[in-house]
>>> print(open('upload.txt').read())   # compact mmCIF, C-alpha atoms
# COMPACT_ATOMS: atom_id res chain seq x y z
CA MET S 1 -34.53 -26.80 11.88
CA PRO S 2 -32.90 -23.89 9.99
CA VAL S 3 -33.64 -23.54 6.30
CA ARG S 4 -31.33 -21.78 3.87
CA LEU S 5 -32.94 -20.25 0.80
CA LEU S 6 -30.64 -20.19 -2.21
CA ARG S 7 -33.11 -18.30 -4.36
CA GLU S 8 -36.37 -16.53 -3.72
CA SER S 9 -39.07 -16.77 -6.34
CA LYS S 10 -41.63 -14.19 -7.33
CA SER S 11 -44.23 -16.96 -7.43
CA TRP S 12 -43.98 -17.56 -3.68
CA ASP S 13 -46.80 -16.06 -1.63
CA LEU S 14 -45.05 -14.35 1.27
CA SER S 15 -47.85 -11.88 1.96
CA SER S 16 -48.94 -13.56 5.20
CA CYS S 17 -45.43 -13.43 6.63
CA PHE S 18 -44.87 -9.76 5.84
CA GLU S 19 -48.40 -8.76 6.87
CA LYS S 20 -47.57 -10.01 10.35
CA LEU S 21 -44.33 -8.04 10.36
CA ALA S 22 -46.07 -4.91 9.06
CA THR S 23 -48.74 -5.24 11.75
CA GLU S 24 -46.04 -5.52 14.41
CA LEU S 25 -44.36 -2.37 13.10
CA LEU S 26 -47.64 -0.44 13.04
CA ASP S 27 -48.58 -1.54 16.55
CA SER S 28 -45.14 -0.67 17.93
CA THR S 29 -45.20 2.82 16.42
CA GLU S 30 -48.90 3.57 16.90
CA GLY S 31 -49.19 3.73 13.12
CA LYS S 32 -46.79 6.69 12.88
CA ILE S 33 -43.86 5.95 10.58
CA ASP S 34 -42.26 8.60 8.38
CA TYR S 35 -39.42 6.50 6.92
CA LEU S 36 -38.84 2.78 6.49
CA ILE S 37 -35.20 1.83 5.88
CA VAL S 38 -34.46 -1.62 4.48
CA PRO S 39 -31.20 -3.19 3.24
CA VAL S 40 -32.07 -4.85 -0.07
CA ASP S 41 -30.90 -8.15 -1.56
CA THR S 42 -33.67 -10.06 -3.35
CA GLY S 43 -36.17 -7.27 -2.75
CA ASN S 44 -38.97 -9.32 -1.19
CA THR S 45 -38.80 -7.61 2.20
CA ILE S 46 -38.84 -4.03 0.94
CA SER S 47 -41.42 -4.74 -1.77
CA TYR S 48 -43.95 -6.47 0.50
CA LEU S 49 -43.52 -4.09 3.45
CA SER S 50 -43.68 -1.02 1.22
CA LYS S 51 -46.90 -2.16 -0.43
CA ILE S 52 -48.60 -2.96 2.88
CA LEU S 53 -47.42 0.12 4.78
CA LYS S 54 -48.15 2.59 1.97
CA GLU S 55 -51.79 1.44 2.02
CA LYS S 56 -51.91 2.27 5.75
CA ILE S 57 -49.61 5.32 5.71
CA PRO S 58 -49.66 6.98 2.25
CA SER S 59 -47.05 9.57 3.29
CA ILE S 60 -44.41 7.03 4.32
CA LYS S 61 -41.08 7.17 2.50
CA VAL S 62 -39.41 3.83 1.80
CA VAL S 63 -35.62 3.90 1.56
CA GLY S 64 -33.61 1.04 0.10
CA VAL S 65 -30.05 0.46 1.30
CA GLU S 66 -27.36 -1.09 -0.90
CA PRO S 67 -23.55 -1.33 -0.83
CA GLU S 68 -21.37 0.81 -3.05
CA GLY S 69 -21.04 -1.24 -6.22
CA SER S 70 -24.62 -2.55 -6.24
CA VAL S 71 -26.89 -1.64 -9.17
CA PHE S 72 -30.24 -0.65 -7.67
CA SER S 73 -29.79 3.12 -7.36
CA ASP S 74 -28.56 3.36 -10.98
CA PHE S 75 -31.34 1.21 -12.41
CA LYS S 76 -33.38 4.11 -13.83
CA SER S 77 -30.39 5.87 -15.37
CA ASN S 78 -29.66 5.54 -19.04
CA HIS S 79 -25.98 4.62 -18.73
CA LYS S 80 -24.77 1.06 -18.61
CA ILE S 81 -24.69 -0.42 -15.13
CA ILE S 82 -21.33 -1.92 -14.16
CA PRO S 83 -21.46 -3.54 -10.69
CA LYS S 84 -18.38 -3.37 -8.48
CA LYS S 85 -17.15 -5.70 -5.77
CA TRP S 86 -18.21 -5.23 -2.16
CA LEU S 87 -17.48 -7.26 0.98
CA VAL S 88 -20.60 -6.98 3.13
CA GLU S 89 -22.88 -9.97 2.70
CA ASP S 90 -26.69 -10.22 2.64
CA TYR S 91 -27.51 -7.07 0.71
CA GLY S 92 -26.91 -5.58 -2.69
CA ASN S 93 -27.05 -7.30 -6.07
CA VAL S 94 -25.39 -7.28 -9.49
CA HIS S 95 -28.79 -7.24 -11.22
CA VAL S 96 -32.35 -6.25 -10.37
CA PRO S 97 -34.18 -9.46 -9.35
CA GLU S 98 -37.77 -10.11 -10.37
CA THR S 99 -38.76 -10.10 -6.69
CA LEU S 100 -37.91 -6.39 -6.32
CA ASN S 101 -40.63 -3.90 -7.22
CA MET S 102 -38.61 -0.76 -7.90
CA SER S 103 -41.74 1.43 -8.06
CA LEU S 104 -42.34 0.85 -4.34
CA VAL S 105 -38.95 2.27 -3.32
CA ASP S 106 -38.82 6.04 -2.97
CA SER S 107 -35.06 6.50 -2.69
CA TRP S 108 -31.77 4.65 -2.31
CA VAL S 109 -28.77 5.08 -0.04
CA GLN S 110 -25.41 3.53 -0.85
CA VAL S 111 -23.12 2.56 2.02
CA SER S 112 -19.41 1.75 1.84
CA ASP S 113 -17.98 -1.45 3.33
CA LEU S 114 -15.98 0.59 5.84
CA GLU S 115 -19.09 2.46 7.02
CA ALA S 116 -21.10 -0.75 7.37
CA PHE S 117 -18.43 -2.71 9.26
CA CYS S 118 -17.54 0.13 11.61
CA MET S 119 -21.17 0.87 12.47
CA SER S 120 -21.85 -2.82 13.06
CA ARG S 121 -18.90 -3.02 15.47
CA LYS S 122 -20.26 0.03 17.32
CA LEU S 123 -23.65 -1.65 17.65
CA ILE S 124 -22.01 -4.84 18.92
CA LYS S 125 -20.09 -2.82 21.50
CA CYS S 126 -23.44 -1.41 22.66
CA GLY S 127 -24.85 -4.92 23.11
CA ILE S 128 -26.72 -5.18 19.79
CA PRO S 129 -25.44 -8.22 17.80
CA ALA S 130 -25.96 -6.60 14.40
CA GLY S 131 -24.43 -7.94 11.21
CA ALA S 132 -22.71 -5.68 8.70
CA SER S 133 -25.80 -5.11 6.55
CA SER S 134 -27.68 -4.14 9.73
CA GLY S 135 -24.89 -1.68 10.42
CA ALA S 136 -25.47 -0.32 6.92
CA ALA S 137 -29.11 0.31 7.85
CA ILE S 138 -28.02 2.58 10.71
CA VAL S 139 -25.56 4.39 8.42
CA ALA S 140 -28.48 5.02 6.06
CA PHE S 141 -30.59 6.13 9.03
CA ASN S 142 -28.01 8.79 9.91
CA LYS S 143 -27.88 10.00 6.31
CA VAL S 144 -31.67 10.20 6.04
CA LEU S 145 -31.92 12.04 9.36
CA SER S 146 -29.21 14.47 8.30
CA SER S 147 -30.98 15.20 5.00
CA PHE S 148 -34.29 15.70 6.81
CA THR S 149 -32.71 18.10 9.30
CA LYS S 150 -31.10 20.19 6.55
CA ALA S 151 -34.36 20.36 4.58
CA SER S 152 -36.51 21.31 7.58
CA SER S 153 -37.12 24.87 8.70
CA PRO S 154 -35.69 25.95 12.09
CA SER S 155 -39.23 26.23 13.44
CA ASN S 156 -39.96 22.58 12.69
CA VAL S 157 -38.78 20.78 15.82
CA ASN S 158 -40.57 17.52 15.10
CA LYS S 159 -38.15 14.72 14.31
CA PRO S 160 -39.22 12.00 11.87
CA ARG S 161 -40.12 8.51 13.03
CA ILE S 162 -37.75 6.16 11.28
CA VAL S 163 -37.93 2.36 11.32
CA CYS S 164 -34.87 0.32 10.33
CA ILE S 165 -34.97 -3.35 9.40
CA PHE S 166 -31.99 -5.43 10.59
CA PRO S 167 -31.65 -8.40 8.21
CA ASP S 168 -28.73 -10.22 9.85
CA SER S 169 -26.93 -11.02 13.10
CA SER S 170 -23.22 -10.76 13.87
CA ARG S 171 -23.07 -14.36 15.11
CA PHE S 172 -22.96 -15.60 11.51
CA TYR S 173 -19.73 -13.73 10.72
CA SER S 174 -17.09 -14.98 13.16
CA SER S 175 -14.40 -15.09 10.44
CA THR S 176 -15.06 -11.61 9.05
CA LEU S 177 -17.03 -9.06 11.08
CA LEU S 178 -15.92 -10.49 14.44
CA ASN S 179 -12.35 -11.14 13.33
CA ASP S 180 -10.08 -8.23 14.28
CA ASP S 181 -7.28 -9.35 11.94
CA TYR S 182 -9.71 -9.52 9.01
CA ILE S 183 -11.02 -6.03 9.77
CA LEU S 184 -7.52 -4.52 9.89
CA ASN S 185 -6.08 -6.45 6.94
CA SER S 186 -9.06 -5.58 4.74
CA GLY S 187 -8.91 -1.87 5.53
CA LEU S 188 -12.41 -1.92 7.05
CA ALA S 189 -11.60 0.09 10.18
CA ASP S 190 -11.90 3.84 10.53
CA ARG S 191 -9.53 5.74 12.80
CA GLU S 192 -11.56 5.12 15.97
CA LEU S 193 -11.93 1.39 15.37
CA THR S 194 -8.28 1.09 14.31
CA GLU S 195 -7.15 2.67 17.57
CA ASN S 196 -9.31 0.31 19.61
CA LEU S 197 -8.21 -2.80 17.73
CA TYR S 198 -4.50 -2.02 17.80
CA SER S 199 -4.62 -1.15 21.48
CA SER S 200 -6.38 -4.40 22.22
CA LEU S 201 -3.97 -6.52 20.16
CA VAL S 202 -0.72 -4.92 21.24
CA SER S 203 -1.64 -4.76 24.93
CA LYS S 204 -1.04 -8.51 25.04
CA TYR S 205 2.63 -8.04 24.17
CA ARG S 206 3.67 -4.81 25.87
CA ALA S 207 7.13 -6.14 26.66
CA ALA S 208 7.92 -6.70 22.96
CA SER S 209 9.79 -4.13 20.87
CA VAL S 210 10.40 -3.45 17.17
CA GLU S 211 13.49 -5.64 17.36
CA ASP S 212 11.24 -8.65 18.10
CA LEU S 213 9.61 -8.24 14.68
CA GLN S 214 12.84 -9.61 13.15
CA LEU S 215 12.65 -7.33 10.15
CA PRO S 216 14.88 -7.98 7.14
CA GLU S 217 17.71 -5.53 6.56
CA ALA S 218 16.53 -2.38 4.82
CA VAL S 219 17.36 -1.91 1.13
CA SER S 220 18.07 1.77 0.58
CA VAL S 221 18.73 3.66 -2.65
CA PRO S 222 20.75 6.85 -3.27
CA GLU S 223 18.78 9.98 -4.04
CA ASN S 224 20.27 10.16 -7.54
CA THR S 225 18.73 6.79 -8.47
CA THR S 226 16.53 6.91 -11.57
CA LEU S 227 12.79 6.32 -11.33
CA SER S 228 12.96 3.29 -13.60
CA SER S 229 15.72 1.68 -11.52
CA ALA S 230 13.77 2.26 -8.30
CA LEU S 231 10.62 0.77 -9.81
CA SER S 232 12.51 -2.29 -11.06
CA LEU S 233 13.92 -2.86 -7.58
CA MET S 234 10.47 -2.51 -6.02
CA PHE S 235 8.98 -5.11 -8.36
CA GLU S 236 11.96 -7.43 -7.91
CA ARG S 237 11.80 -7.33 -4.09
CA ASP S 238 8.03 -6.75 -3.83
CA PHE S 239 8.55 -3.46 -1.97
CA SER S 240 5.91 -0.76 -1.65
CA HIS S 241 8.40 1.81 -0.31
CA LEU S 242 12.14 2.43 -0.51
CA PRO S 243 14.25 4.43 1.98
CA VAL S 244 16.34 7.08 0.25
CA ILE S 245 19.85 7.93 1.46
CA GLY S 246 21.98 10.99 0.82
CA PRO S 247 25.66 11.74 1.42
CA ASN S 248 27.33 9.54 4.07
CA ARG S 249 24.43 7.08 3.68
CA LYS S 250 22.22 9.19 5.94
CA LEU S 251 18.47 8.62 5.62
CA VAL S 252 16.95 11.67 3.93
CA GLY S 253 13.51 10.43 2.88
CA TYR S 254 11.58 7.71 1.09
CA ILE S 255 9.69 7.07 -2.10
CA SER S 256 6.60 4.91 -2.65
CA ARG S 257 5.80 2.70 -5.60
CA ASN S 258 2.68 4.75 -6.31
CA SER S 259 4.78 7.93 -6.45
CA VAL S 260 7.29 6.35 -8.81
CA GLU S 261 4.62 5.01 -11.16
CA ALA S 262 2.77 8.34 -11.15
CA ALA S 263 5.98 10.23 -11.89
CA ILE S 264 6.93 7.92 -14.77
CA ASN S 265 3.45 8.18 -16.29
CA ALA S 266 3.64 11.98 -16.09
CA ASN S 267 6.86 11.95 -18.15
CA PRO S 268 8.64 14.47 -15.89
CA GLU S 269 11.63 16.62 -16.77
CA SER S 270 13.71 14.93 -14.07
CA ASN S 271 13.89 11.16 -13.81
CA LEU S 272 15.77 11.13 -10.49
CA ILE S 273 13.93 10.06 -7.34
CA ARG S 274 15.32 13.01 -5.34
CA ASP S 275 12.90 15.25 -7.25
CA HIS S 276 9.86 13.08 -6.46
CA MET S 277 10.52 11.58 -3.04
CA HIS S 278 9.13 12.50 0.39
CA VAL S 279 11.81 14.32 2.37
CA PHE S 280 12.37 14.03 6.11
CA VAL S 281 12.87 17.29 8.00
CA ASN S 282 13.90 18.30 11.49
CA LYS S 283 11.61 20.08 13.90
CA ALA S 284 13.52 23.31 13.35
CA ASP S 285 12.73 23.18 9.64
CA GLY S 286 9.50 24.99 8.92
CA SER S 287 8.98 23.52 5.46
CA SER S 288 6.02 21.37 4.49
CA ARG S 289 7.72 18.09 3.69
CA SER S 290 7.35 14.52 4.87
CA VAL S 291 8.09 12.93 8.21
CA ASN S 292 8.48 9.22 8.88
CA GLY S 293 5.73 7.93 6.63
CA SER S 294 3.51 11.01 6.55
CA THR S 295 3.25 14.53 5.21
CA LYS S 296 4.58 17.10 7.64
CA ILE S 297 2.53 20.27 7.91
CA LYS S 298 4.07 23.44 9.26
CA ASN S 299 3.91 23.70 13.09
CA SER S 300 2.78 20.05 13.38
CA ASN S 301 4.40 17.39 15.55
CA SER S 302 8.09 16.76 15.05
CA TYR S 303 9.67 13.63 13.58
CA GLN S 304 8.92 10.53 15.65
CA LEU S 305 11.96 8.32 16.12
CA ILE S 306 11.39 4.58 15.61
CA THR S 307 14.32 2.40 16.72
CA PRO S 308 14.75 -1.35 17.36
CA GLU S 309 14.05 -0.62 21.05
CA THR S 310 10.73 1.14 20.42
CA PRO S 311 7.93 -0.77 22.24
CA LEU S 312 5.30 -2.30 19.98
CA SER S 313 2.66 -0.38 21.91
CA ASP S 314 4.27 2.87 20.72
CA LEU S 315 4.55 1.52 17.19
CA ALA S 316 0.83 0.67 17.25
CA LYS S 317 0.00 4.24 18.24
CA PHE S 318 2.19 5.46 15.39
CA PHE S 319 0.22 3.27 12.97
CA GLU S 320 -3.03 4.90 14.06
CA LYS S 321 -2.00 7.79 11.78
CA PHE S 322 0.62 6.35 9.44
CA SER S 323 0.89 3.14 7.42
CA ILE S 324 4.68 2.71 7.33
CA ALA S 325 7.65 3.44 9.60
CA PHE S 326 11.39 3.57 8.98
CA VAL S 327 13.48 2.05 11.74
CA THR S 328 16.73 3.93 12.39
CA ASP S 329 19.48 4.19 14.99
CA TYR S 330 19.14 6.86 17.67
CA THR S 331 21.07 9.41 15.61
CA ARG S 332 18.91 8.77 12.52
CA LYS S 333 22.03 8.22 10.44
CA PHE S 334 21.15 4.80 9.11
CA CYS S 335 17.91 3.09 8.08
CA LEU S 336 17.88 -0.36 9.67
CA GLY S 337 14.51 -1.60 8.49
CA VAL S 338 11.07 -0.79 7.15
CA VAL S 339 7.98 -1.85 9.12
CA THR S 340 4.31 -1.82 8.09
CA LYS S 341 1.02 -2.51 9.82
CA GLN S 342 1.07 -5.95 8.20
CA ASP S 343 4.39 -6.78 9.90
CA LEU S 344 2.88 -5.92 13.27
CA LEU S 345 -0.23 -8.01 12.66
CA GLN S 346 1.78 -11.01 11.48
CA PHE S 347 3.91 -10.84 14.63
CA ILE S 348 0.80 -10.82 16.82
CA GLU S 349 -0.64 -13.78 14.90
CA ARG S 350 2.59 -15.77 15.37
CA ARG S 351 2.51 -15.11 19.10
>>> encode(input="upload.txt", output="structure tokens")
Amino acid sequence: MPVRLLRESKSWDLSSCFEKLATELLDSTEGKIDYLIVPVDTGNTISYLSKILKEKIPSIKVVGVEPEGSVFSDFKSNHKIIPKKWLVEDYGNVHVPETLNMSLVDSWVQVSDLEAFCMSRKLIKCGIPAGASSGAAIVAFNKVLSSFTKASSPSNVNKPRIVCIFPDSSRFYSSTLLNDDYILNSGLADRELTENLYSSLVSKYRAASVEDLQLPEAVSVPENTTLSSALSLMFERDFSHLPVIGPNRKLVGYISRNSVEAAINANPESNLIRDHMHVFVNKADGSSRSVNGSTKIKNSNSYQLITPETPLSDLAKFFEKFSIAFVTDYTRKFCLGVVTKQDLLQFIERR
């Protein structure tokens, strides 16, 4: 019968439990452990194991792992600790619990949500059903190993023996860690994972094209529009980007809400969006300006045309690098729609 502990108390005697675990670790490593890496929540695991193992191996270094936003690594500093939100469950804390003995932890490693989720998915792909906080332990392992390698002399070829504690399993996180839509929507996928997830999702609908997304008609603004007018339109329509048109209504670039707000706050000399927008250029143009949702660097790939007939598989590949695309006709004279990663995901969910 599973038991869920809502709170661990310092008065509980857990020594017998962790002595057995410590003995197992010592037997498995022949008593040779240089680093112990433990994701920390209440602190019982790292405190008990550290105390027991340091008595057996005085030279062992105990490393606590916490998410970015947790307060442990800043505990000894003099400035006020302000915890921040993180998404990975089962490690980290907004205060230092009484069950954590900070004196038994030699150092701390903070891990971002993206690092933890991506590493966990890599472990799962390798057949290890690790939860996100277990993925964080391997991220910390890599950071510790990297620091050790940099600090060691070239003549020292001995690699440290590092033991990582995995506190959770992926089977408890079907709606988050194992949910591809959640990973993509929450921005928890690096480029490699994003490519794999998009390829997997879009492969189911290879016959579909951008036209099947049924995008609303694009709302474009002239390049002589004022910043304040553009921002008002963005708030009114809940737009994050606006296509910008020049003479003859030809698409010449775009402007983002972040760019508009930054420009207004900077109190610029010009209040027209043409002086702050991202400009589209042709391949023959060697300037460093923007191309369809990205910054164009000299000698980089040319503008990628996105039309209503573009297959969703091609659009997914485009989104591996860029977050937004502007749908045009084949001559690029008119902007027909604006499509984001979210539009693609919503289409897949509807199907």
>>> residues_around(input="upload.txt", residues="segment 110-118 of chain S", least_positions_apart="5", cutoff="8 Å", atoms="all atoms listed in the file", output="ChimeraX atom specification")
/S:65-68,73,86-88,132-136,139-140,177,187-190,193
>>> atom_distance(input="upload.txt", atom1="atom CA of Pro39 of chain S", atom2="atom CA of Ala137 of chain S")
6.2 Å
>>> residues_around(input="upload.txt", residues="Leu305 of chain S", least_positions_apart="4", cutoff="8 Å", atoms="only C-alpha atoms", output="list in words")
Val327, Thr328, Tyr330 and Arg332 of chain S
>>> closest_residue(input="upload.txt", among="S:Thr226, S:Val96, S:Arg257, S:Glu24", to="Asp238 of chain S", atoms="all atoms listed in the file")
S:Arg257
>>> residues_around(input="upload.txt", residues="Asn271 of chain S", least_positions_apart="2", cutoff="7 Å", atoms="only C-alpha atoms", output="PyMOL selection string")
chain S and resi 226-227+268-269+273
>>> atom_distance(input="upload.txt", atom1="atom CA of Lys85 of chain S", atom2="atom CA of Gly69 of chain S")
5.9 Å
>>> residues_around(input="upload.txt", residues="Val38 of chain S", least_positions_apart="2", cutoff="8 Å", atoms="all atoms listed in the file", output="list in words")
Leu36, Val40, Thr45, Ile46, Val62, Val63, Gly64, Val65, Ala137, Cys164, Ile165 and Phe166 of chain S
>>> write_last_selection(input="upload.txt", atoms="C-alpha atoms", output="mmCIF file, in the coordinates of the input")
data_model
loop_
_atom_site.group_PDB
_atom_site.id
_atom_site.type_symbol
_atom_site.label_atom_id
_atom_site.label_comp_id
_atom_site.auth_asym_id
_atom_site.auth_seq_id
_atom_site.Cartn_x
_atom_site.Cartn_y
_atom_site.Cartn_z
ATOM 1 C CA LEU S 36 -38.840 2.780 6.490
ATOM 2 C CA VAL S 40 -32.070 -4.850 -0.070
ATOM 3 C CA THR S 45 -38.800 -7.610 2.200
ATOM 4 C CA ILE S 46 -38.840 -4.030 0.940
ATOM 5 C CA VAL S 62 -39.410 3.830 1.800
ATOM 6 C CA VAL S 63 -35.620 3.900 1.560
ATOM 7 C CA GLY S 64 -33.610 1.040 0.100
ATOM 8 C CA VAL S 65 -30.050 0.460 1.300
ATOM 9 C CA ALA S 137 -29.110 0.310 7.850
ATOM 10 C CA CYS S 164 -34.870 0.320 10.330
ATOM 11 C CA ILE S 165 -34.970 -3.350 9.400
ATOM 12 C CA PHE S 166 -31.990 -5.430 10.590
#
>>> atom_distance(input="upload.txt", atom1="atom CA of Phe334 of chain S", atom2="atom CA of Asn258 of chain S")
24.1 Å
>>> residues_around(input="upload.txt", residues="Met234 of chain S", least_positions_apart="6", cutoff="12 Å", atoms="all atoms listed in the file", output="number ranges by chain")
S: 219-221, 227-228, 240-243, 255-261
>>> closest_residue(input="upload.txt", among="S:Ser232, S:Ser199, S:Ser146, S:Asn224", to="Gly246 of chain S", atoms="only C-alpha atoms")
S:Asn224
>>> closest_residue(input="upload.txt", among="S:Asp90, S:Glu55, S:Asp41, S:Glu223", to="Phe72 of chain S", atoms="only C-alpha atoms")
S:Asp41
>>> closest_residue(input="upload.txt", among="S:Ile245, S:Leu145, S:Val210, S:Ile183", to="Thr340 of chain S", atoms="only C-alpha atoms")
S:Val210
>>> closest_residue(input="upload.txt", among="S:Ser209, S:Thr176, S:Gln342, S:Asn185", to="Ser313 of chain S", atoms="all atoms listed in the file")
S:Ser209
>>> residues_near_point(input="upload.txt", point="(-30.8, -10.0, -10.5)", cutoff="10 Å", atoms="all atoms listed in the file", output="PyMOL selection string")
chain S and resi 41-43+71-72+92-100
